[in-house]
$ cat protein_25.txt   # compact mmCIF, C-alpha atoms
# COMPACT_ATOMS: atom_id res chain seq x y z
CA MET B 1 22.76 -33.99 41.25
CA LYS B 2 22.01 -30.88 39.26
CA PRO B 3 24.53 -28.03 39.13
CA SER B 4 21.75 -25.57 40.14
CA PHE B 5 21.44 -27.36 43.52
CA LEU B 6 25.13 -26.95 44.17
CA LEU B 7 24.94 -23.28 43.25
CA ALA B 8 22.22 -22.84 45.86
CA LEU B 9 24.59 -24.19 48.52
CA LEU B 10 27.20 -21.52 47.88
CA PRO B 11 25.46 -18.71 49.83
CA ALA B 12 25.06 -21.05 52.82
CA ALA B 13 28.73 -21.93 52.69
CA ALA B 14 29.63 -18.27 52.51
CA THR B 15 27.37 -17.53 55.50
CA ALA B 16 28.99 -20.29 57.55
CA ALA B 17 32.34 -18.70 56.91
CA THR B 18 31.28 -15.30 58.21
CA LEU B 19 29.73 -16.13 61.61
CA PRO B 20 29.94 -14.90 64.33
CA TRP B 21 30.83 -11.30 63.72
CA PRO B 22 30.68 -8.52 66.31
CA THR B 23 27.72 -6.27 65.71
CA ALA B 24 26.37 -3.24 67.48
CA SER B 25 24.03 -5.51 69.46
CA ASN B 26 26.61 -8.24 70.04
CA THR B 27 29.55 -6.55 71.68
CA ASP B 28 30.17 -9.70 73.76
CA ALA B 29 31.85 -11.03 70.62
CA LEU B 30 34.49 -8.30 70.89
CA LEU B 31 38.03 -9.61 71.00
CA PRO B 32 40.51 -8.60 73.67
CA ALA B 33 43.08 -6.18 72.27
CA ALA B 34 45.83 -8.81 72.26
CA ARG B 35 43.82 -10.88 69.77
CA ALA B 36 42.26 -8.02 67.84
CA PHE B 37 45.72 -6.57 67.16
CA ALA B 38 47.95 -9.61 67.50
CA LEU B 39 51.63 -8.70 67.54
CA VAL B 40 52.87 -11.89 65.93
CA ASP B 41 56.57 -11.25 65.35
CA ALA B 42 59.41 -8.88 66.14
CA GLU B 43 62.84 -9.55 64.70
CA ARG B 44 66.10 -7.93 63.66
CA ASN B 45 66.61 -8.11 59.94
CA GLY B 46 69.97 -6.69 58.89
CA ASP B 47 70.11 -3.13 60.17
CA ALA B 48 66.41 -2.93 60.92
CA VAL B 49 63.80 -4.02 63.44
CA VAL B 50 60.72 -5.53 61.84
CA VAL B 51 57.44 -5.89 63.75
CA THR B 52 54.48 -7.80 62.34
CA TRP B 53 50.84 -7.63 63.39
CA GLN B 54 47.80 -9.58 62.32
CA VAL B 55 44.77 -7.35 62.70
CA ALA B 56 41.58 -9.41 62.99
CA PRO B 57 38.75 -8.81 60.49
CA GLY B 58 36.41 -6.10 61.74
CA TYR B 59 39.22 -4.22 63.48
CA TYR B 60 41.76 -1.61 62.41
CA LEU B 61 44.93 0.06 63.70
CA TYR B 62 45.57 3.78 63.39
CA ARG B 63 48.66 4.45 61.27
CA ASP B 64 49.61 7.52 63.30
CA HIS B 65 49.50 5.65 66.61
CA ILE B 66 52.17 3.08 65.79
CA ALA B 67 55.47 3.77 67.55
CA ALA B 68 58.51 2.00 68.95
CA GLN B 69 61.05 2.96 71.56
CA VAL B 70 64.37 1.22 72.21
CA LEU B 71 64.78 -0.24 75.70
CA ALA B 72 68.08 -2.07 75.14
CA PRO B 73 70.88 -1.50 74.56
CA ALA B 74 70.92 1.93 76.17
CA GLY B 75 71.61 4.71 73.72
CA ALA B 76 70.56 2.76 70.63
CA ARG B 77 68.10 4.53 68.34
CA LEU B 78 65.59 3.62 65.69
CA GLY B 79 65.05 5.61 62.53
CA THR B 80 61.78 6.78 61.01
CA PRO B 81 59.52 3.75 60.50
CA ARG B 82 58.80 2.48 57.01
CA LEU B 83 55.05 1.95 56.99
CA PRO B 84 53.18 0.29 54.13
CA PRO B 85 50.41 2.20 52.35
CA ALA B 86 47.38 2.50 54.60
CA GLN B 87 43.66 2.58 53.87
CA ALA B 88 41.83 5.89 54.16
CA LYS B 89 38.89 5.84 56.55
CA THR B 90 36.52 8.72 57.09
CA VAL B 91 35.77 9.18 60.76
CA PRO B 92 33.23 11.70 62.04
CA GLN B 93 34.96 14.52 63.96
CA LEU B 94 38.40 13.37 62.82
CA GLY B 95 37.96 13.48 59.06
CA ARG B 96 40.08 11.13 56.97
CA VAL B 97 42.46 8.93 58.90
CA GLN B 98 44.86 6.24 57.72
CA VAL B 99 44.29 2.74 59.08
CA TYR B 100 45.62 -0.79 58.67
CA ARG B 101 43.66 -4.00 58.43
CA GLY B 102 44.87 -7.59 58.10
CA ALA B 103 48.60 -8.30 58.05
CA LEU B 104 50.86 -5.37 58.84
CA ARG B 105 54.64 -5.25 58.75
CA VAL B 106 56.49 -2.16 59.97
CA THR B 107 60.25 -1.68 59.61
CA TRP B 108 62.32 0.61 61.79
CA PRO B 109 65.78 1.11 60.26
CA GLN B 110 68.93 1.50 62.31
CA ALA B 111 72.11 3.25 61.35
CA ALA B 112 74.52 0.82 59.65
CA GLY B 113 76.92 -0.73 62.13
CA ALA B 114 74.97 0.47 65.20
CA PRO B 115 74.73 -1.98 68.13
CA ALA B 116 72.02 -4.59 67.64
CA ILE B 117 68.77 -3.66 69.34
CA THR B 118 67.57 -6.40 71.67
CA ARG B 119 64.49 -4.99 73.38
CA VAL B 120 61.85 -2.55 72.15
CA GLN B 121 58.64 -1.10 73.53
CA VAL B 122 56.00 -1.01 70.83
CA SER B 123 52.82 1.01 71.14
CA TYR B 124 49.76 1.03 68.92
CA GLN B 125 46.08 1.75 69.04
CA GLY B 126 42.98 0.70 67.19
CA CYS B 127 39.25 0.20 67.14
CA ALA B 128 36.55 -2.23 66.08
CA ASP B 129 34.29 -1.29 63.20
CA ILE B 130 31.23 -1.66 65.45
CA GLY B 131 32.20 1.56 67.26
CA VAL B 132 34.40 0.48 70.13
CA CYS B 133 37.97 1.72 70.59
CA TYR B 134 40.75 0.25 72.68
CA PRO B 135 43.12 2.15 74.96
CA PRO B 136 46.68 2.54 73.68
CA GLN B 137 48.45 -0.81 73.77
CA THR B 138 52.05 -1.12 74.91
CA ARG B 139 54.15 -4.27 74.49
CA VAL B 140 57.76 -4.90 75.42
CA VAL B 141 59.27 -7.32 72.92
CA GLU B 142 62.63 -9.05 72.78
CA ILE B 143 64.23 -8.72 69.36
CA ALA B 144 65.90 -11.82 67.97
CA ALA B 145 67.81 -12.03 64.73
CA ALA B 146 65.65 -13.09 61.78
CA GLY B 147 65.32 -16.86 61.71
CA ALA B 148 66.78 -17.32 65.20
CA GLN B 149 65.26 -19.89 67.57
CA ARG B 150 63.17 -18.25 70.30
CA MET K 151 32.67 -34.72 24.99
CA SER K 152 28.92 -35.33 25.35
CA ALA K 153 26.52 -32.84 26.96
CA THR K 154 25.92 -35.27 29.85
CA ALA K 155 29.63 -35.55 30.55
CA ILE K 156 29.99 -31.75 30.59
CA ARG K 157 27.06 -31.49 33.04
CA TYR K 158 28.73 -33.99 35.39
CA LEU K 159 32.06 -32.19 35.06
CA VAL K 160 30.47 -28.84 36.04
CA ALA K 161 28.58 -30.52 38.90
CA GLY K 162 31.79 -32.08 40.19
CA ALA K 163 33.64 -28.76 40.06
CA LEU K 164 30.86 -26.96 41.95
CA LEU K 165 30.73 -29.71 44.56
CA GLY K 166 34.46 -29.29 45.06
CA VAL K 167 34.06 -25.53 45.62
CA VAL K 168 31.22 -26.04 48.13
CA VAL K 169 33.11 -28.71 50.07
CA THR K 170 36.26 -26.60 50.18
CA VAL K 171 34.43 -23.50 51.47
CA LEU K 172 32.52 -25.52 54.10
CA ALA K 173 35.69 -27.28 55.23
CA ALA K 174 37.52 -23.95 55.53
CA ALA K 175 34.67 -22.48 57.58
CA LEU K 176 34.62 -25.54 59.86
CA TRP K 177 38.39 -25.42 60.34
CA LEU K 178 38.33 -21.73 61.23
CA ARG K 179 35.64 -22.28 63.85
CA LEU K 180 37.19 -25.38 65.39
CA SER K 181 40.69 -23.95 65.47
CA GLY K 182 39.58 -20.74 67.20
CA HIS K 183 41.34 -18.82 64.47
CA ALA K 184 41.18 -15.06 64.99
CA LEU K 185 39.38 -14.59 61.72
CA HIS K 186 36.10 -14.34 63.60
CA PRO K 187 35.87 -12.74 67.02
CA GLN K 188 34.62 -15.18 69.65
CA PRO K 189 32.68 -14.28 72.79
CA ASP K 190 34.90 -13.22 75.66
CA ARG K 191 33.81 -15.45 78.55
CA THR K 192 35.79 -13.50 81.12
CA GLN K 193 33.53 -10.48 80.87
CA THR K 194 31.49 -11.36 83.94
CA ALA K 195 33.16 -9.43 86.77
CA THR K 196 29.91 -7.80 87.81
CA ALA K 197 26.53 -8.54 86.39
CA VAL K 198 23.31 -6.66 85.97
CA ASN K 199 21.52 -6.64 89.35
CA ASP K 200 24.84 -6.77 91.22
CA PRO K 201 25.44 -3.85 93.57
CA PHE K 202 27.69 -1.09 92.28
CA PRO K 203 30.89 -1.13 94.40
CA THR K 204 30.57 1.35 97.25
CA ASP K 205 34.29 2.09 97.59
CA VAL K 206 34.93 3.65 94.18
CA GLN K 207 36.38 7.14 94.15
CA LEU K 208 38.28 9.08 91.51
CA PRO K 209 39.77 12.56 91.27
CA ASP K 210 37.93 15.23 89.33
CA LEU K 211 39.60 17.77 87.03
CA THR K 212 40.68 19.87 90.01
CA GLY K 213 42.29 16.85 91.67
CA ARG K 214 39.66 16.58 94.40
CA MET K 215 38.59 12.98 95.15
CA GLN K 216 34.98 12.25 94.37
CA ALA K 217 33.32 9.25 96.03
CA PHE K 218 30.66 7.57 93.93
CA SER K 219 28.63 7.00 97.10
CA GLN K 220 27.67 10.70 96.99
CA TRP K 221 25.36 9.88 94.08
CA HIS K 222 23.48 7.13 95.89
CA GLY K 223 19.78 7.82 95.55
CA LYS K 224 20.16 9.14 92.01
CA LEU K 225 19.99 7.32 88.71
CA LEU K 226 23.72 7.18 88.04
CA LEU K 227 25.13 6.75 84.53
CA VAL K 228 28.87 6.10 84.61
CA ASN K 229 30.24 6.73 81.12
CA PHE K 230 33.88 5.77 80.58
CA TRP K 231 35.35 7.75 77.69
CA ALA K 232 38.58 9.16 76.26
CA THR K 233 39.59 12.10 74.11
CA TRP K 234 41.09 9.70 71.50
CA CYS K 235 37.90 7.61 71.32
CA VAL K 236 35.78 8.75 68.40
CA PRO K 237 32.62 6.78 69.34
CA CYS K 238 32.90 8.32 72.83
CA ARG K 239 33.09 11.83 71.45
CA LYS K 240 30.10 11.13 69.24
CA GLU K 241 27.75 10.33 72.12
CA ILE K 242 28.89 13.08 74.50
CA PRO K 243 26.45 15.73 73.15
CA ASP K 244 23.58 13.30 73.84
CA LEU K 245 24.84 12.68 77.37
CA ILE K 246 25.08 16.42 78.00
CA ALA K 247 21.54 16.89 76.71
CA GLU K 248 20.21 14.07 78.92
CA GLN K 249 21.90 15.52 82.01
CA ARG K 250 20.36 18.91 81.22
CA ARG K 251 16.95 17.39 80.62
CA TYR K 252 16.74 14.98 83.54
CA GLY K 253 19.21 16.30 86.11
CA SER K 254 16.44 17.85 88.16
CA GLN K 255 14.56 14.53 88.08
CA GLY K 256 17.38 12.55 89.66
CA LEU K 257 19.75 11.71 86.82
CA GLN K 258 23.46 12.03 87.46
CA ILE K 259 25.94 11.29 84.69
CA VAL K 260 29.65 11.07 85.51
CA GLY K 261 32.43 10.60 82.99
CA PRO K 262 35.59 8.82 84.11
CA ALA K 263 38.21 9.46 81.41
CA VAL K 264 40.48 6.56 80.47
CA ASP K 265 43.05 9.02 79.26
CA ASP K 266 45.97 11.24 79.99
CA GLN K 267 44.89 13.82 82.58
CA LYS K 268 46.47 16.72 80.70
CA ALA K 269 44.66 15.77 77.51
CA VAL K 270 41.36 15.61 79.37
CA ARG K 271 41.85 18.98 81.06
CA LYS K 272 42.70 20.55 77.71
CA ALA K 273 39.75 19.01 75.83
CA ALA K 274 37.05 19.29 78.50
CA PRO K 275 36.09 22.96 77.93
CA ASP K 276 35.40 22.29 74.25
CA PHE K 277 32.86 19.61 75.09
CA GLY K 278 30.93 21.84 77.50
CA PHE K 279 30.31 19.05 80.00
CA ASP K 280 27.49 19.67 82.44
CA TYR K 281 28.38 16.60 84.51
CA PRO K 282 31.53 15.71 86.47
CA ILE K 283 34.54 14.44 84.57
CA LEU K 284 36.80 12.16 86.58
CA THR K 285 40.33 11.12 85.80
CA GLY K 286 42.86 8.49 86.77
CA SER K 287 45.89 6.61 85.53
CA LEU K 288 45.37 4.21 82.66
CA ASP K 289 45.93 0.90 84.48
CA PRO K 290 43.72 1.59 87.54
CA MET K 291 41.00 2.88 85.23
CA ILE K 292 41.21 -0.28 83.12
CA MET K 293 41.02 -2.36 86.30
CA LEU K 294 37.95 -0.44 87.43
CA MET K 295 36.27 -1.09 84.08
CA ALA K 296 37.13 -4.79 84.36
CA ARG K 297 35.63 -4.82 87.83
CA LEU K 298 32.49 -3.32 86.36
CA GLY K 299 32.28 -5.98 83.68
CA ASN K 300 34.39 -4.65 80.81
CA ALA K 301 37.21 -7.16 80.37
CA THR K 302 38.23 -5.91 76.92
CA SER K 303 38.76 -2.28 78.07
CA GLY K 304 36.86 -1.12 74.99
CA LEU K 305 35.35 2.36 74.94
CA PRO K 306 32.86 3.86 75.33
CA TYR K 307 31.62 1.79 78.25
CA SER K 308 28.62 2.73 80.35
CA VAL K 309 27.12 1.39 83.53
CA LEU K 310 23.68 2.50 84.67
CA VAL K 311 23.13 2.26 88.42
CA SER K 312 19.71 2.45 90.06
CA PRO K 313 19.00 4.90 92.89
CA GLN K 314 19.23 1.87 95.18
CA GLY K 315 22.80 1.19 94.00
CA GLN K 316 22.17 -1.79 91.73
CA ILE K 317 23.69 -2.12 88.29
CA ILE K 318 20.75 -2.14 85.90
CA HIS K 319 22.45 -1.84 82.52
CA ARG K 320 25.94 -2.20 81.08
CA GLN K 321 26.87 -1.22 77.57
CA LEU K 322 30.04 -1.53 75.57
CA GLY K 323 29.82 0.86 72.63
CA GLY K 324 27.91 4.08 72.21
CA PHE K 325 24.23 4.77 72.75
CA GLU K 326 21.81 5.69 70.05
CA SER K 327 20.07 8.92 71.11
CA GLU K 328 16.64 7.34 71.36
CA GLN K 329 17.89 4.27 73.22
CA LEU K 330 19.69 6.45 75.77
CA ASP K 331 16.66 8.64 76.35
CA GLN K 332 14.35 5.66 76.75
CA LEU K 333 16.73 3.89 79.13
CA ILE K 334 16.95 6.95 81.34
CA ARG K 335 13.23 7.75 81.31
CA GLN K 336 12.40 4.16 82.25
CA ASN K 337 14.70 4.19 85.26
CA LEU K 338 14.44 7.69 86.71
CA PRO K 339 13.68 7.62 90.42
CA ARG K 340 10.13 8.31 91.48
CA GLN K 341 9.74 11.83 92.82
CA ALA K 342 8.84 10.50 96.29
CA ASP K 343 12.00 8.38 96.39
CA LEU K 344 14.07 11.33 95.27
CA MET K 345 12.72 13.51 98.10
CA LYS K 346 13.32 10.69 100.60
CA SER K 347 16.88 10.26 99.35
CA GLY K 348 17.45 14.03 99.58
CA ARG K 349 16.26 14.04 103.18
CA GLN K 350 18.59 11.14 104.05
CA ILE K 351 21.60 12.93 102.54
CA ALA K 352 20.67 16.12 104.43
CA ASP K 353 20.34 14.14 107.68
CA ASN K 354 23.80 12.67 107.20

$ encode --input "protein_25.txt" --output "structure tokens"
Amino acid sequence: MKPSFLLALLPAAATAATLPWPTASNTDALLPAARAFALVDAERNGDAVVVTWQVAPGYYLYRDHIAAQVLAPAGARLGTPRLPPAQAKTVPQLGRVQVYRGALRVTWPQAAGAPAITRVQVSYQGCADIGVCYPPQTRVVEIAAAGAQR
Amino acid sequence: MSATAIRYLVAGALLGVVVTVLAAALWLRLSGHALHPQPDRTQTATAVNDPFPTDVQLPDLTGRMQAFSQWHGKLLLVNFWATWCVPCRKEIPDLIAEQRRYGSQGLQIVGPAVDDQKAVRKAAPDFGFDYPILTGSLDPMIMLMARLGNATSGLPYSVLVSPQGQIIHRQLGGFESEQLDQLIRQNLPRQADLMKSGRQIADN
């Protein structure tokens, strides 16, 4: 077998790895929001609540639309979230916006010694690159200590 | 090492790369991994050629309920949108232009907003809508879209309804200007049907 034959197979292998993809004419391939912006983990890590998303390829979350609100215990508060660096995206009519793709981990600090937060309402919003946006998503998540059995 | 041995070594390495990539692609497809969006099979609540539900009504910006049945006899384009939806905002000037161009020939566009009512009221004047904007709470609006075939709740979402009340086109995502114009021109009611429909409404 000649190496040149194997080289010719590489584009085919790459193509196989990229199908199917939502396109402007194939919006049936659009994921439901829960899979497009999968909230995969929410845990208490020291004096902080850490929420992790896995944003599917072809989709993005708006940085400015990520928020969390404490539901329990009453009176507990979260600090300003620590967000990782975002990608700049130029959007007609909005200008440059900051978005996240792929894995995203956001940390909300708590004051040291404050009562452990056990339930949080997380909200976020995003779009698909093909030009479809999803309504704001809201999820209530129970917060377990890092490494705890769920 | 001989030249032949080097050739076989390179061939073996390339074969390994190809097999690995193909195996990864196969695993991703078989495992349903979210790397590649799959078709959403639930998006079949209503289909093209189904009748548009006759009981739908939503409040307009003044709070007055508007029954969709009032537009029976017209070519009705229901365009779900939101102020936060950039692709929605992009196509609104085209929708306004189409309503202006074909309104007298039987086109009626309506825009249910999947959005906060205050935000819609505040933004509406800037758009200069020449067709009715309807509002509603988020969850009922999402349920209405699902009923009309949009299970993902993505926006913009449009449903074109014939003068006879049948769904003739559904579209998730914005229209290209030319596509929108062509779709409307192809489905405008005949003038005779429009006059007949006008007489029926007057009789009622």

$ closest_residue --input "protein_25.txt" --among "K:Ile283, K:Ala247, K:Ala274, K:Leu227" --to "Ser327 (chain K)" --atoms "only C-alpha atoms"
K:Ala247

$ closest_residue --input "protein_25.txt" --among "K:Cys235, K:Thr204, K:Phe279, K:Val198" --to "Ala128 (chain B)" --atoms "all atoms listed in the file"
K:Cys235

$ closest_residue --input "protein_25.txt" --among "K:Val270, K:Ala301, K:Val228, K:Val260" --to "chain B" --atoms "all atoms listed in the file"
K:Ala301

$ closest_residue --input "protein_25.txt" --among "B:Leu71, B:Val132, B:Leu61, B:Leu83" --to "chain K" --atoms "all atoms listed in the file"
B:Val132

$ residues_around --input "protein_25.txt" --residues "Gly213 (chain K)" --least-positions-apart "6" --cutoff "10 Å" --atoms "all atoms listed in the file" --output "VMD selection string"
chain K and resid 267 284 to 286

$ closest_residue --input "protein_25.txt" --among "B:Ser123, B:Pro81, B:Val141, B:Pro135" --to "Arg105 (chain B)" --atoms "all atoms listed in the file"
B:Pro81

$ residues_around --input "protein_25.txt" --residues "Asp266 (chain K)" --least-positions-apart "3" --cutoff "12 Å" --atoms "only C-alpha atoms" --output "JSON, numbers by chain"
{"B": [135, 136], "K": [211, 231, 232, 233, 234, 262, 263, 269, 270, 271, 272, 273, 284, 285, 286, 287, 288, 289, 291]}

$ atom_distance --input "protein_25.txt" --atom1 "CA of Gln314 (chain K)" --atom2 "CA of Ile246 (chain K)"
23.3 Å

$ closest_residue --input "protein_25.txt" --among "B:Trp108, B:Gly131, B:Ala116, B:Val51" --to "Gln321 (chain K)" --atoms "all atoms listed in the file"
B:Gly131

$ atom_distance --input "protein_25.txt" --atom1 "CA of Pro209 (chain K)" --atom2 "CA of Ile318 (chain K)"
24.6 Å

$ residues_around --input "protein_25.txt" --residues "Gln125 (chain B)" --least-positions-apart "5" --cutoff "10 Å" --atoms "all atoms listed in the file" --output "CSV table (one decimal) with C-alpha atoms, keeping the file's coordinate frame"
chain,number,residue,atom,x,y,z
B,33,ALA,CA,43.1,-6.2,72.3
B,37,PHE,CA,45.7,-6.6,67.2
B,60,TYR,CA,41.8,-1.6,62.4
B,61,LEU,CA,44.9,0.1,63.7
B,62,TYR,CA,45.6,3.8,63.4
B,63,ARG,CA,48.7,4.4,61.3
B,64,ASP,CA,49.6,7.5,63.3
B,65,HIS,CA,49.5,5.6,66.6
B,66,ILE,CA,52.2,3.1,65.8
B,67,ALA,CA,55.5,3.8,67.6
B,133,CYS,CA,38.0,1.7,70.6
B,134,TYR,CA,40.8,0.2,72.7
B,135,PRO,CA,43.1,2.2,75.0
B,136,PRO,CA,46.7,2.5,73.7
B,137,GLN,CA,48.4,-0.8,73.8
B,138,THR,CA,52.0,-1.1,74.9
K,234,TRP,CA,41.1,9.7,71.5

$ atom_distance --input "protein_25.txt" --atom1 "CA of Val120 (chain B)" --atom2 "CA of Val140 (chain B)"
5.7 Å

$ residues_near_point --input "protein_25.txt" --point "(23.0, 7.1, 86.1)" --cutoff "7 Å" --atoms "all atoms listed in the file" --output "list in words"
Lys224, Leu225, Leu226, Leu227, Val228, Leu257, Gln258, Ile259, Leu310, Val311 and Ser312 of chain K

$ build_atoms --input "protein_25.txt" --residues "region 218-240 of chain K" --atoms "N, CA, C and O atoms" --output "short mmCIF file (atom, residue, chain, number, x, y, z; two decimals), in the coordinates of the input"
data_model
loop_
_atom_site.label_atom_id
_atom_site.label_comp_id
_atom_site.auth_asym_id
_atom_site.auth_seq_id
_atom_site.Cartn_x
_atom_site.Cartn_y
_atom_site.Cartn_z
N PHE K 218 31.89 7.86 94.66
CA PHE K 218 30.66 7.57 93.93
C PHE K 218 29.46 7.44 94.86
O PHE K 218 28.32 7.56 94.43
N SER K 219 29.73 7.17 96.13
CA SER K 219 28.63 7.00 97.10
C SER K 219 27.82 8.29 97.23
O SER K 219 26.66 8.24 97.65
N GLN K 220 28.42 9.44 96.87
CA GLN K 220 27.67 10.70 96.99
C GLN K 220 26.46 10.74 96.05
O GLN K 220 25.57 11.56 96.23
N TRP K 221 26.47 9.88 95.05
CA TRP K 221 25.36 9.88 94.08
C TRP K 221 24.34 8.79 94.36
O TRP K 221 23.46 8.54 93.54
N HIS K 222 24.48 8.14 95.50
CA HIS K 222 23.48 7.13 95.89
C HIS K 222 22.14 7.83 96.02
O HIS K 222 22.04 8.91 96.56
N GLY K 223 21.11 7.20 95.52
CA GLY K 223 19.78 7.82 95.55
C GLY K 223 19.42 8.44 94.20
O GLY K 223 18.26 8.77 93.97
N LYS K 224 20.43 8.61 93.36
CA LYS K 224 20.16 9.14 92.01
C LYS K 224 20.29 8.01 90.99
O LYS K 224 20.90 6.98 91.27
N LEU K 225 19.74 8.24 89.83
CA LEU K 225 19.99 7.32 88.71
C LEU K 225 21.36 7.71 88.16
O LEU K 225 21.53 8.81 87.61
N LEU K 226 22.33 6.84 88.35
CA LEU K 226 23.72 7.18 88.04
C LEU K 226 24.15 6.50 86.73
O LEU K 226 24.09 5.28 86.61
N LEU K 227 24.59 7.30 85.78
CA LEU K 227 25.13 6.75 84.53
C LEU K 227 26.63 7.03 84.51
O LEU K 227 27.05 8.19 84.43
N VAL K 228 27.41 5.97 84.63
CA VAL K 228 28.87 6.10 84.61
C VAL K 228 29.33 5.82 83.19
O VAL K 228 29.18 4.70 82.69
N ASN K 229 29.86 6.84 82.54
CA ASN K 229 30.24 6.73 81.12
C ASN K 229 31.75 6.88 80.98
O ASN K 229 32.29 7.98 81.05
N PHE K 230 32.44 5.75 80.79
CA PHE K 230 33.88 5.77 80.58
C PHE K 230 34.15 6.24 79.14
O PHE K 230 33.53 5.74 78.20
N TRP K 231 35.09 7.16 79.01
CA TRP K 231 35.35 7.75 77.69
C TRP K 231 36.83 8.13 77.58
O TRP K 231 37.59 7.95 78.52
N ALA K 232 37.22 8.65 76.44
CA ALA K 232 38.58 9.16 76.26
C ALA K 232 38.58 10.16 75.12
O ALA K 232 37.72 10.09 74.22
N THR K 233 39.53 11.08 75.17
CA THR K 233 39.59 12.10 74.11
C THR K 233 39.92 11.47 72.75
O THR K 233 39.52 11.97 71.71
N TRP K 234 40.68 10.34 72.77
CA TRP K 234 41.09 9.70 71.50
C TRP K 234 40.03 8.74 70.95
O TRP K 234 40.23 8.13 69.90
N CYS K 235 38.93 8.61 71.69
CA CYS K 235 37.90 7.61 71.32
C CYS K 235 36.77 8.30 70.55
O CYS K 235 35.96 9.03 71.12
N VAL K 236 36.76 8.07 69.25
CA VAL K 236 35.78 8.75 68.40
C VAL K 236 34.33 8.38 68.76
O VAL K 236 33.47 9.26 68.88
N PRO K 237 34.00 7.09 68.96
CA PRO K 237 32.62 6.78 69.34
C PRO K 237 32.21 7.43 70.67
O PRO K 237 31.03 7.75 70.86
N CYS K 238 33.19 7.64 71.56
CA CYS K 238 32.90 8.32 72.83
C CYS K 238 32.51 9.77 72.57
O CYS K 238 31.51 10.28 73.08
N ARG K 239 33.33 10.41 71.75
CA ARG K 239 33.09 11.83 71.45
C ARG K 239 31.74 12.03 70.77
O ARG K 239 31.07 13.04 70.97
N LYS K 240 31.36 11.03 69.99
CA LYS K 240 30.10 11.13 69.24
C LYS K 240 28.89 11.17 70.17
O LYS K 240 27.92 11.88 69.91
#
